[in-house]
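Q: You'll find start07.txt just under this line, and it carries compact mmCIF, C-alpha atoms.
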# COMPACT_ATOMS: atom_id res chain seq x y z
CA MET A 1 -24.56 6.11 -3.17
CA LEU A 2 -22.94 3.04 -1.64
CA VAL A 3 -20.40 5.19 0.18
CA SER A 4 -23.22 7.29 1.62
CA LEU A 5 -25.00 4.16 2.83
CA ALA A 6 -21.78 2.89 4.43
CA GLY A 7 -21.32 6.23 6.18
CA PHE A 8 -24.89 6.15 7.46
CA TRP A 9 -24.49 2.69 9.00
CA VAL A 10 -21.17 3.63 10.59
CA PHE A 11 -22.78 6.69 12.18
CA ASP A 12 -25.76 4.65 13.36
CA GLY A 13 -23.41 2.00 14.78
CA LEU A 14 -21.54 4.63 16.79
CA ARG A 15 -24.83 5.66 18.37
CA HIS A 16 -25.30 2.10 19.64
CA LEU A 17 -21.93 1.81 21.35
CA ASN A 18 -21.98 1.35 25.11
CA PRO A 19 -19.66 3.99 26.64
CA ALA A 20 -20.60 2.93 30.18
CA ALA A 21 -19.68 -0.76 29.92
CA ASP A 22 -17.26 -0.64 32.84
CA ALA A 23 -19.55 1.57 34.91
CA THR A 24 -22.31 -1.01 34.46
CA THR A 25 -20.13 -3.86 35.69
CA ARG A 26 -18.90 -1.71 38.59
CA ALA A 27 -22.52 -0.97 39.51
CA GLY A 28 -23.21 -4.70 39.55
CA ARG A 29 -20.23 -5.34 41.83
CA VAL A 30 -21.38 -2.61 44.24
CA ASN A 31 -24.90 -4.05 44.46
CA ASP A 32 -23.54 -7.60 44.83
CA ALA A 33 -21.36 -6.42 47.72
CA PHE A 34 -24.47 -5.26 49.56
CA VAL A 35 -26.52 -8.34 48.65
CA SER A 36 -23.75 -10.62 49.95
CA LEU A 37 -24.15 -9.28 53.49
CA ALA A 38 -27.01 -11.67 54.29
CA PRO A 39 -28.36 -14.91 52.77
CA ASP A 40 -31.95 -13.74 52.35
CA ALA A 41 -34.15 -10.65 52.41
CA ALA A 42 -35.36 -11.14 55.98
CA ALA A 43 -31.83 -11.50 57.38
CA ALA A 44 -30.68 -8.51 55.33
CA ALA A 45 -33.54 -6.35 56.58
CA SER A 46 -32.71 -7.33 60.16
CA LEU A 47 -29.03 -6.49 59.62
CA TRP A 48 -29.93 -3.12 58.09
CA SER A 49 -32.28 -2.21 60.96
CA ARG A 50 -29.73 -3.25 63.57
CA GLU A 51 -26.86 -1.28 62.02
CA LEU A 52 -29.07 1.77 61.59
CA GLU A 53 -30.16 1.63 65.21
CA VAL A 54 -26.55 1.32 66.42
CA ALA A 55 -25.54 4.33 64.30
CA MET A 56 -28.26 6.48 65.87
CA GLN A 57 -27.81 5.13 69.39
CA PRO A 58 -27.08 7.95 71.88
CA ARG A 59 -23.53 7.74 73.24
CA ALA A 60 -22.09 9.51 76.27
CA GLY A 61 -20.67 12.84 75.17
CA LEU A 62 -20.89 12.03 71.44
CA PRO A 63 -23.51 12.91 68.83
CA PRO A 64 -25.20 10.11 66.88
CA ASP A 65 -23.48 8.95 63.72
CA ASN A 66 -25.72 10.84 61.30
CA ALA A 67 -23.33 10.34 58.40
CA LEU A 68 -23.41 6.54 58.61
CA ALA A 69 -27.17 6.56 59.22
CA ALA A 70 -27.73 8.64 56.08
CA SER A 71 -25.56 6.27 54.06
CA LEU A 72 -27.40 3.23 55.44
CA LEU A 73 -30.73 4.82 54.52
CA ALA A 74 -29.46 5.33 50.97
CA ALA A 75 -28.32 1.70 50.86
CA PHE A 76 -31.65 0.26 52.01
CA GLU A 77 -32.68 -1.16 48.66
CA PRO A 78 -29.59 -3.30 47.92
CA ILE A 79 -29.14 -4.32 51.59
CA ALA A 80 -32.64 -4.99 52.87
CA GLY A 81 -34.21 -5.93 49.60
CA ARG A 82 -36.45 -4.14 47.17
CA GLU A 83 -38.17 -7.49 46.68
CA ARG A 84 -39.34 -7.63 50.28
CA PHE A 85 -40.83 -4.17 50.17
CA SER A 86 -42.36 -4.81 46.74
CA SER A 87 -44.19 -7.83 48.15
CA MET A 88 -45.65 -5.59 50.86
CA LEU A 89 -46.84 -3.14 48.20
CA TRP A 90 -48.33 -6.03 46.21
CA ALA A 91 -50.28 -7.15 49.31
CA GLU A 92 -51.58 -3.63 49.79
CA LEU A 93 -52.61 -3.29 46.13
CA HIS A 94 -54.45 -6.65 46.20
CA ALA A 95 -55.96 -6.18 49.67
CA ARG A 96 -54.35 -9.33 51.05
CA PRO A 97 -52.63 -9.94 54.40
CA PRO A 98 -48.81 -9.84 54.00
CA ARG A 99 -48.31 -13.55 54.80
CA GLU A 100 -51.03 -14.63 52.39
CA ALA A 101 -49.61 -12.34 49.70
CA GLU A 102 -46.14 -13.83 50.18
CA ALA A 103 -47.55 -17.36 49.85
CA VAL A 104 -49.37 -16.43 46.64
CA LEU A 105 -46.27 -14.78 45.17
CA ARG A 106 -44.08 -17.78 46.03
CA ALA A 107 -46.51 -20.09 44.20
CA LEU A 108 -46.21 -18.09 40.96
CA PRO A 109 -43.67 -18.90 38.23
CA VAL A 110 -40.50 -16.90 38.72
CA TRP A 111 -41.00 -14.67 35.68
CA VAL A 112 -44.64 -13.93 36.68
CA ARG A 113 -43.63 -13.18 40.26
CA THR A 114 -40.87 -10.83 39.05
CA ARG A 115 -43.32 -9.01 36.80
CA GLU A 116 -45.88 -8.66 39.61
CA LEU A 117 -43.28 -7.28 42.03
CA GLU A 118 -41.96 -4.81 39.46
CA THR A 119 -45.49 -3.61 38.75
CA ALA A 120 -46.14 -3.14 42.47
CA TRP A 121 -42.89 -1.21 42.89
CA ALA A 122 -43.61 1.01 39.87
CA SER A 123 -47.04 1.88 41.26
CA ARG A 124 -45.48 3.59 44.27
CA ALA A 125 -41.88 4.31 43.25
CA PRO A 126 -42.38 8.04 42.46
CA GLN A 127 -43.66 8.64 45.99
CA LEU A 128 -41.26 6.27 47.75
CA ASP A 129 -37.89 6.99 46.12
CA THR A 130 -36.89 9.29 48.97
CA GLN A 131 -39.08 7.80 51.72
CA ILE A 132 -38.90 4.02 51.45
CA ALA A 133 -35.93 3.65 53.82
CA SER A 134 -37.53 5.96 56.37
CA VAL A 135 -40.73 3.93 56.21
CA MET A 136 -38.84 0.70 56.88
CA ALA A 137 -36.65 2.09 59.70
CA PRO A 138 -37.67 1.32 63.31
CA ALA A 139 -39.88 4.02 64.83
CA ALA A 140 -37.33 4.94 67.53
CA VAL A 141 -34.63 5.36 64.90
CA ARG A 142 -36.90 7.53 62.74
CA ALA A 143 -37.51 9.78 65.73
CA ARG A 144 -33.77 10.11 66.38
CA ILE A 145 -33.08 10.88 62.74
CA ASP A 146 -35.73 13.61 62.69
CA ARG A 147 -34.39 15.13 65.90
CA ALA A 148 -30.78 15.03 64.67
CA SER A 149 -31.68 16.68 61.37
CA ARG A 150 -33.21 19.61 63.25
CA LEU A 151 -30.31 19.90 65.67
CA TYR A 152 -27.53 19.84 63.09
CA ASP A 153 -29.06 21.78 60.18
CA ALA A 154 -27.19 25.00 61.00
CA LEU A 155 -23.92 23.14 61.55
CA GLU A 156 -24.36 21.38 58.21
CA LEU A 157 -24.60 24.72 56.43
CA SER A 158 -21.55 26.02 58.27
CA GLN A 159 -19.33 23.06 57.39
CA ALA A 160 -20.50 23.09 53.77
CA ALA A 161 -19.52 26.76 53.46
CA PHE A 162 -16.15 26.15 55.12
CA PHE A 163 -15.14 23.25 52.86
CA ALA A 164 -16.32 25.22 49.82
CA GLY A 165 -13.84 27.94 50.80
CA HIS A 166 -16.44 30.61 51.55
CA GLU A 167 -15.41 31.13 55.19
CA GLU A 168 -12.09 32.39 56.53
CA GLY A 169 -12.58 31.39 60.17
CA ALA A 170 -11.91 28.00 61.73
CA LEU A 171 -14.18 24.98 61.99
CA ASN A 172 -14.41 22.77 65.08
CA LEU A 173 -14.53 19.29 63.58
CA ALA A 174 -15.37 17.78 66.97
CA LEU A 175 -18.89 19.20 66.62
CA LEU A 176 -19.60 17.41 63.33
CA PRO A 177 -21.61 14.18 63.74
CA GLY A 178 -19.55 11.20 62.67
CA LEU A 179 -16.16 12.90 63.13
CA SER A 180 -16.06 13.42 66.87
CA SER A 181 -14.19 10.84 68.94
CA GLY A 182 -14.66 12.53 72.30
CA ALA A 183 -11.08 13.85 72.25
CA GLY A 184 -12.05 17.49 72.72
CA GLU A 185 -11.91 20.34 70.24
CA MET A 186 -10.33 19.88 66.81
CA TRP A 187 -10.09 23.24 65.07
CA LEU A 188 -9.45 23.21 61.34
CA ALA A 189 -8.00 26.59 60.35
CA SER A 190 -8.73 28.27 57.04
CA ASP A 191 -6.17 28.12 54.22
CA GLY A 192 -5.10 31.70 54.81
CA ALA A 193 -4.54 31.17 58.53
CA VAL A 194 -2.39 28.09 57.89
CA LEU A 195 -0.20 29.94 55.39
CA GLN A 196 0.37 32.77 57.85
CA ALA A 197 1.74 30.36 60.47
CA ASP A 198 5.10 28.58 60.57
CA CYS A 199 5.30 26.19 57.58
CA SER A 200 8.31 24.18 58.70
CA GLY A 201 8.51 20.68 60.17
CA GLU A 202 5.16 19.02 60.82
CA GLN A 203 3.31 21.97 59.30
CA ALA A 204 4.91 21.56 55.87
CA LEU A 205 2.22 19.22 54.57
CA ALA A 206 -0.59 21.38 56.00
CA CYS A 207 0.90 24.42 54.27
CA ALA A 208 1.26 22.55 50.98
CA LEU A 209 -2.41 21.55 51.18
CA ALA A 210 -3.40 25.10 52.11
CA ARG A 211 -1.65 26.36 48.97
CA VAL A 212 -3.59 23.77 46.95
CA GLY A 213 -6.70 25.05 48.76
CA ARG A 214 -6.37 28.30 46.82
CA ASP A 215 -7.00 26.29 43.63
CA THR A 216 -10.65 26.45 42.53
CA GLY A 217 -10.79 22.87 41.28
CA ALA A 218 -8.83 21.21 44.10
CA GLY A 219 -9.56 23.45 47.09
CA GLN A 220 -12.40 21.40 48.55
CA GLY A 221 -10.37 18.19 48.37
CA ALA A 222 -7.32 19.87 49.94
CA ARG A 223 -9.38 21.01 52.95
CA ILE A 224 -10.84 17.50 53.26
CA LEU A 225 -7.33 16.05 53.31
CA ARG A 226 -6.30 18.48 56.07
CA ALA A 227 -9.41 17.53 58.06
CA ALA A 228 -8.65 13.80 57.58
CA LEU A 229 -5.12 14.32 58.89
CA LEU A 230 -6.35 16.35 61.86
CA THR A 231 -9.04 13.85 62.89
CA GLY A 232 -6.81 10.83 62.36
CA HIS A 233 -8.96 9.22 59.68
CA ALA A 234 -6.01 9.35 57.27
CA GLY A 235 -3.66 6.57 58.38
CA GLU A 236 0.06 6.96 58.98
CA ALA A 237 1.07 5.19 55.78
CA PHE A 238 -1.19 7.41 53.73
CA ALA A 239 -0.02 10.58 55.50
CA ALA A 240 3.60 9.59 54.84
CA SER A 241 2.85 9.10 51.14
CA LEU A 242 1.31 12.59 51.01
CA ARG A 243 4.51 14.18 52.35
CA ALA A 244 6.47 12.71 49.45
CA LEU A 245 4.23 14.22 46.73
CA ASP A 246 5.09 17.26 44.64
CA GLY A 247 2.63 20.14 44.25
CA ASP A 248 1.08 18.97 40.98
CA THR A 249 0.49 15.42 42.21
CA LEU A 250 -0.93 16.71 45.48
CA ARG A 251 -3.29 18.97 43.52
CA ALA A 252 -4.44 16.06 41.33
CA MET A 253 -5.08 13.93 44.38
CA ALA A 254 -7.00 16.71 46.11
CA SER A 255 -9.19 16.97 43.01
CA GLU A 256 -10.02 13.27 43.35
CA LEU A 257 -11.03 13.73 47.01
CA GLY A 258 -13.11 16.79 46.08
CA ALA A 259 -15.01 14.63 43.59
CA VAL A 260 -15.58 12.00 46.30
CA ALA A 261 -17.09 14.71 48.53
CA ARG A 262 -19.41 15.85 45.74
CA TYR A 263 -20.63 12.29 45.13
CA THR A 264 -21.07 11.61 48.88
CA SER A 265 -20.58 14.43 51.42
CA ASN A 266 -17.71 16.28 53.07
CA ILE A 267 -17.93 14.23 56.26
CA ASP A 268 -18.15 10.97 54.28
CA ALA A 269 -15.10 11.92 52.21
CA ILE A 270 -13.07 12.65 55.36
CA ARG A 271 -13.97 9.27 56.83
CA LEU A 272 -13.41 7.43 53.56
CA THR A 273 -9.74 8.50 53.52
CA ALA A 274 -9.31 5.66 56.05
CA LEU A 275 -9.47 3.31 53.03
CA LEU A 276 -6.50 4.96 51.32
CA GLU A 277 -2.93 3.73 51.60
CA THR A 278 -1.36 5.20 48.45
CA PRO A 279 -2.09 8.27 46.29
CA GLN A 280 -3.34 5.93 43.54
CA ASP A 281 -6.11 4.74 45.84
CA ALA A 282 -7.74 8.18 45.61
CA ALA A 283 -8.69 7.61 41.96
CA ARG A 284 -10.13 4.19 42.86
CA LEU A 285 -12.19 5.75 45.63
CA ARG A 286 -13.44 8.46 43.28
CA ARG A 287 -14.63 5.89 40.73
CA LEU A 288 -16.25 3.79 43.46
CA SER A 289 -18.05 6.78 44.96
CA LEU A 290 -19.22 7.84 41.50
CA GLU A 291 -21.09 4.54 41.28
CA ALA A 292 -22.11 4.04 44.93
CA GLY A 293 -22.89 7.72 45.65
CA PRO A 294 -24.23 8.30 49.18
CA ARG A 295 -24.05 4.53 49.80
CA THR A 296 -20.23 4.61 49.74
CA LEU A 297 -19.77 5.09 53.49
CA ALA A 298 -22.11 2.17 54.21
CA LEU A 299 -20.13 0.07 51.74
CA ALA A 300 -16.89 0.95 53.55
CA HIS A 301 -18.58 0.29 56.91
CA PHE A 302 -19.39 -3.28 55.94
CA HIS A 303 -16.39 -4.16 53.76
CA GLY A 304 -13.58 -1.89 54.93
CA ARG A 305 -10.66 -1.48 52.54
CA ASP A 306 -11.94 -4.45 50.50
CA ALA A 307 -14.53 -2.02 49.09
CA LEU A 308 -11.79 -0.52 46.89
CA ALA A 309 -11.38 -3.90 45.20
CA LEU A 310 -14.80 -3.37 43.61
CA ASP A 311 -13.14 -0.84 41.31
CA ARG A 312 -10.89 -2.42 38.69
CA GLY A 313 -9.63 0.63 36.86
CA GLU A 314 -10.82 2.51 33.81
CA GLN A 315 -10.82 -0.46 31.41
CA ALA A 316 -14.14 -0.27 29.65
CA GLY A 317 -14.68 -3.91 28.67
CA SER A 318 -16.62 -4.50 25.48
CA ARG A 319 -18.21 -1.30 24.24
CA ILE A 320 -19.54 -2.82 21.00
CA THR A 321 -23.11 -4.00 21.46
CA ALA A 322 -24.82 -6.50 19.16
CA GLU A 323 -26.78 -3.68 17.50
CA ALA A 324 -23.59 -1.69 16.85
CA TRP A 325 -21.84 -4.78 15.46
CA GLU A 326 -24.69 -5.44 12.96
CA ARG A 327 -24.50 -1.85 11.70
CA PHE A 328 -20.73 -1.95 11.30
CA VAL A 329 -21.04 -5.18 9.28
CA LEU A 330 -23.59 -3.54 6.97
CA ALA A 331 -21.32 -0.52 6.58
CA GLY A 332 -18.44 -2.87 5.67
CA VAL A 333 -20.55 -4.64 3.04
CA PHE A 334 -21.55 -1.37 1.34
CA ALA A 335 -18.00 -0.05 1.53
CA ALA A 336 -16.69 -3.29 -0.03
CA LEU A 337 -19.24 -3.05 -2.87
CA ALA A 338 -18.27 0.54 -3.57
CA PHE A 339 -14.58 -0.38 -3.57
CA GLY A 340 -15.26 -3.36 -5.89
CA ILE A 341 -17.13 -1.20 -8.42
CA VAL A 342 -14.34 1.39 -8.49
CA LEU A 343 -11.70 -1.33 -8.81
CA ALA A 344 -13.61 -3.00 -11.67
CA ALA A 345 -13.85 0.31 -13.53
CA LEU A 346 -10.12 0.93 -13.15
CA VAL A 347 -9.24 -2.59 -14.34
CA SER A 348 -11.58 -2.24 -17.33
CA ALA A 349 -10.07 1.10 -18.33
CA PHE A 350 -6.56 -0.31 -18.02
CA SER A 351 -7.55 -3.34 -20.15
CA VAL A 352 -8.92 -1.09 -22.92
CA ARG A 353 -5.71 0.95 -22.95
CA VAL A 354 -3.46 -2.12 -23.16
CA THR A 355 -5.43 -4.40 -25.52
CA GLY A 356 -7.51 -1.92 -27.47
CA ARG A 357 -10.55 -4.04 -26.81
CA ALA A 358 -13.53 -3.35 -24.61
CA GLY A 359 -13.03 -4.57 -21.09
CA LEU A 360 -15.46 -6.66 -19.04
CA GLY A 361 -17.05 -3.61 -17.48
CA GLN A 362 -17.63 -1.95 -20.84
CA ARG A 363 -19.01 -5.17 -22.35
CA ILE A 364 -21.46 -5.53 -19.47
CA ASP A 365 -22.45 -1.88 -19.87
CA ILE A 366 -23.01 -2.34 -23.64
CA ALA A 367 -25.04 -5.51 -23.07
CA MET A 368 -27.23 -3.79 -20.47
CA ARG A 369 -27.91 -0.84 -22.76
CA GLU A 370 -28.76 -3.16 -25.64
CA LEU A 371 -31.08 -5.11 -23.39
CA LEU A 372 -32.82 -2.00 -22.11
CA LEU A 373 -32.91 0.08 -25.30
CA GLY A 374 -33.20 -2.72 -27.84
CA ARG A 375 -30.25 -1.44 -29.88
CA LYS A 376 -26.54 -0.83 -29.66
CA THR A 377 -25.36 2.63 -28.60
How does this structure look as structure tokens?
A:
Amino acid sequence: MLVSLAGFWVFDGLRHLNPAADATTRAGRVNDAFVSLAPDAAAAASLWSRELEVAMQPRAGLPPDNALAASLLAAFEPIAGRERFSSMLWAELHARPPREAEAVLRALPVWVRTRELETAWASRAPQLDTQIASVMAPAAVRARIDRASRLYDALELSQAAFFAGHEEGALNLALLPGLSSGAGEMWLASDGAVLQADCSGEQALACALARVGRDTGAGQGARILRAALLTGHAGEAFAASLRALDGDTLRAMASELGAVARYTSNIDAIRLTALLETPQDAARLRRLSLEAGPRTLALAHFHGRDALALDRGEQAGSRITAEAWERFVLAGVFAALAFGIVLAALVSAFSVRVTGRAGLGQRIDIAMRELLLGRKT
């Protein structure tokens, strides 16, 4: 019985472990990195609007930077402040002018103000999760974003199919928003076309990546690496480190970059290779993009290579929560009681065999029976 109880509490304690301890702290570091960009919500909102407008600003011969704009939109909440927008919702819900609402909220105790803002956010969150950033963006920027989405829809489908390995042609990377530098055409050949060409000299790395491109799990990442080398986003030090890798290591690294693309986008992953200096950095970027998601490019835009420092490896910190610890202690107590009872029985039996007299356990058992039954048995 006691063993069963110990087993139950162990099982219940395992259910209360925190397997995402490190992910939680990494999430906090990512949000803090955005919050640190400006001292207050108003300054942060101004910074966010300005950077978004610059990204979508028409440039001679170049498309707008849709990739960065999309990442900035995704990063609106930590940059510009959920609190600021929540106060606007609170004013709307209570039919007060925004300035009056802000004055009322500032006069409330902190915990009351926090509760009121959370309630206001929750009242509109289901409708605003995908629209809040667009609502807060300047009108001219919203118009440019809408126009760009219509212009580049077909191209987006084409590049997605190419990097997924479903097309055998070639892709002109110069046409993709966010990759073009005005240097003319940049054709990325399919894996098959690369392998049919000369694979000596400078083409050796491209051929090695094309061979990895035939791998289902690493193909997307291998094509992203080739695109990063072609566009110049992959730096010289990183490119040199790639040439020194064997096939298995190159495949593992391509898998990491493929995961980055799935958490962000193909174009984002190509641009994010600018943060990498060694093959080990690819795993750090993958973990960072897992947490930051589509905000990763915006994070790199503001912090550069320092963004990788937000990842501190796979160490999970403390996974044992207070609830799990209490259950493990209870399990230990029941297990100790069960062990004590078994040990006492063994000692008692040994004592009877050696001395010929009833041991302590037997005497207690006899006394209990006499007490309960009123006679010796």
Q: With distances taken over only C-alpha atoms, which residue among A:Ala103, A:Ala208, A:Leu151, A:Ala45 lies nearest Pro138 (chain A)?
A: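 Ranked by minimum distance to Pro138 (chain A), first place goes to A:Ala45.
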Q: Find the spatial neighbours of Pro98 (chain A), counting all atoms listed in the file, within a cut-off of 12 Å - ignore same-chain residues fewer than 3 positions away - and output them as a ChimeraX atom specification.
A: /A:84-95,101-105
Q: Write the selection just made, keeping C-alpha atoms, as a short mmCIF file (atom, residue, chain, number, x, y, z; two decimals), in the coordinates of the input?
A:
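Result file follows (part.cif):
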data_model
loop_
_atom_site.label_atom_id
_atom_site.label_comp_id
_atom_site.auth_asym_id
_atom_site.auth_seq_id
_atom_site.Cartn_x
_atom_site.Cartn_y
_atom_site.Cartn_z
CA ARG A 84 -39.34 -7.63 50.28
CA PHE A 85 -40.83 -4.17 50.17
CA SER A 86 -42.36 -4.81 46.74
CA SER A 87 -44.19 -7.83 48.15
CA MET A 88 -45.65 -5.59 50.86
CA LEU A 89 -46.84 -3.14 48.20
CA TRP A 90 -48.33 -6.03 46.21
CA ALA A 91 -50.28 -7.15 49.31
CA GLU A 92 -51.58 -3.63 49.79
CA LEU A 93 -52.61 -3.29 46.13
CA HIS A 94 -54.45 -6.65 46.20
CA ALA A 95 -55.96 -6.18 49.67
CA ALA A 101 -49.61 -12.34 49.70
CA GLU A 102 -46.14 -13.83 50.18
CA ALA A 103 -47.55 -17.36 49.85
CA VAL A 104 -49.37 -16.43 46.64
CA LEU A 105 -46.27 -14.78 45.17
#
Q: Between CA of Pro64 (chain A) and CA of Ile270 (chain A), what is the distance, to one decimal in Å?
A: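 Between these atoms lies a distance of 16.9 Å.
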Q: Would you please work out which residue, of A:Ala222, A:Ala67, A:Leu310, A:Leu209, is nearest to Ala148 (chain A) when using all atoms listed in the file?
A: A:Ala67
Q: For Pro294 (chain A), which residue among A:Phe163, A:Trp187, A:Tyr152, A:Tyr263 is the nearest when counting all atoms listed in the file?
A: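 Of A:Phe163, A:Trp187, A:Tyr152, A:Tyr263, the one nearest Pro294 (chain A), counting all atoms listed in the file, is A:Tyr263.
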Q: At a cut-off of 10 Å, using all atoms listed in the file, what residues contact region 74-78 of chain A? Leave out same-chain residues fewer than 4 positions from it and give the result as number ranges by chain.
A: A: 30-37, 41, 44-45, 48-49, 68-70, 82-85, 129-134, 136-137, 292-299
Q: Go through region 259-282 of chain A residue by residue and, counting all atoms listed in the file, keep those with an atom at most 12 Å from region 164-172 of chain A; for each kept residue give the shortest atom pair and its distance in Å to one decimal, ordered by chain and increasing number, as a Markdown table.
A:
| residue | atom | partner | partner_atom | distance |
| --- | --- | --- | --- | --- |
| A:Ala261 | CA | A:Ala164 | CA | 10.6 |
| A:Arg262 | CA | A:Ala164 | CA | 10.7 |
| A:Ser265 | CA | A:Ala164 | CA | 11.7 |
| A:Asn266 | CA | A:Ala164 | CA | 9.6 |
Q: Calculate how many Å separate CA of Arg96 (chain A) from CA of Leu117 (chain A), rounding to one decimal.
A: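 Here the two named atoms are 14.4 Å from each other.
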Q: Pick the closest to Gly221 (chain A) from A:Asp281, A:Glu256, A:Asp246, A:Glu116: which is it, counting only C-alpha atoms?
A: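 Answer, going by the shortest atom-to-atom distance: A:Glu256.
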Q: Taking 5 positions as the minimum chain separation for residues in the same chain, which residues sit within 10 Å of region 231-243 of chain A when counting only C-alpha atoms? Answer as a PyMOL selection string.
A: chain A and resi 173-174+179-181+183+186-188+202+204-206+208-209+225-226+249-250+253+270-279+281
Q: Could you check which of A:Gln220, A:Ser149, A:Thr264, A:Thr114 is closest to Ala161 (chain A), using all atoms listed in the file?
A: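 Smallest distance to Ala161 (chain A) is found for A:Gln220.
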Q: I need region 270-276 of chain A written out with all heavy atoms, as a CSV table (one decimal), in the first residue's frame; please produce it.
A:
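The file below, result_10.csv, is the result:
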chain,number,residue,atom,x,y,z
A,270,ILE,N,17.8,33.4,-45.0
A,270,ILE,CA,19.0,33.8,-45.8
A,270,ILE,C,19.7,35.0,-45.2
A,270,ILE,O,20.9,35.0,-45.1
A,270,ILE,CB,18.5,34.1,-47.3
A,270,ILE,CG1,18.0,32.8,-47.9
A,270,ILE,CG2,19.7,34.7,-48.1
A,270,ILE,CD1,17.3,33.0,-49.3
A,271,ARG,N,18.9,36.0,-44.8
A,271,ARG,CA,19.5,37.2,-44.3
A,271,ARG,C,20.1,37.0,-42.9
A,271,ARG,O,21.1,37.6,-42.5
A,271,ARG,CB,18.4,38.3,-44.2
A,271,ARG,CG,18.0,38.7,-45.6
A,271,ARG,CD,16.8,39.7,-45.5
A,271,ARG,NE,17.1,40.9,-44.8
A,271,ARG,CZ,16.3,42.0,-44.9
A,271,ARG,NH1,15.2,42.0,-45.6
A,271,ARG,NH2,16.6,43.1,-44.2
A,272,LEU,N,19.5,36.1,-42.1
A,272,LEU,CA,20.0,35.8,-40.8
A,272,LEU,C,21.3,35.1,-40.8
A,272,LEU,O,22.0,35.0,-39.7
A,272,LEU,CB,19.0,35.0,-40.0
A,272,LEU,CG,17.7,35.8,-39.5
A,272,LEU,CD1,16.6,34.8,-39.1
A,272,LEU,CD2,18.1,36.8,-38.5
A,273,THR,N,21.7,34.5,-41.9
A,273,THR,CA,23.1,33.9,-41.9
A,273,THR,C,24.2,34.9,-41.8
A,273,THR,O,25.3,34.6,-41.5
A,273,THR,CB,23.3,33.1,-43.3
A,273,THR,OG1,23.1,34.1,-44.4
A,273,THR,CG2,22.4,32.0,-43.4
A,274,ALA,N,23.8,36.2,-41.9
A,274,ALA,CA,24.8,37.2,-41.7
A,274,ALA,C,25.3,37.3,-40.2
A,274,ALA,O,26.4,37.8,-39.9
A,274,ALA,CB,24.2,38.6,-42.0
A,275,LEU,N,24.5,36.6,-39.3
A,275,LEU,CA,24.9,36.6,-37.9
A,275,LEU,C,25.9,35.5,-37.6
A,275,LEU,O,26.5,35.5,-36.5
A,275,LEU,CB,23.7,36.4,-37.0
A,275,LEU,CG,22.5,37.3,-37.1
A,275,LEU,CD1,21.4,37.0,-36.1
A,275,LEU,CD2,22.9,38.8,-36.9
A,276,LEU,N,26.0,34.5,-38.5
A,276,LEU,CA,26.8,33.3,-38.3
A,276,LEU,C,28.3,33.5,-38.6
A,276,LEU,O,28.6,34.1,-39.7
A,276,LEU,CB,26.3,32.2,-39.1
A,276,LEU,CG,24.8,31.9,-39.0
A,276,LEU,CD1,24.4,30.7,-39.8
A,276,LEU,CD2,24.3,31.7,-37.5
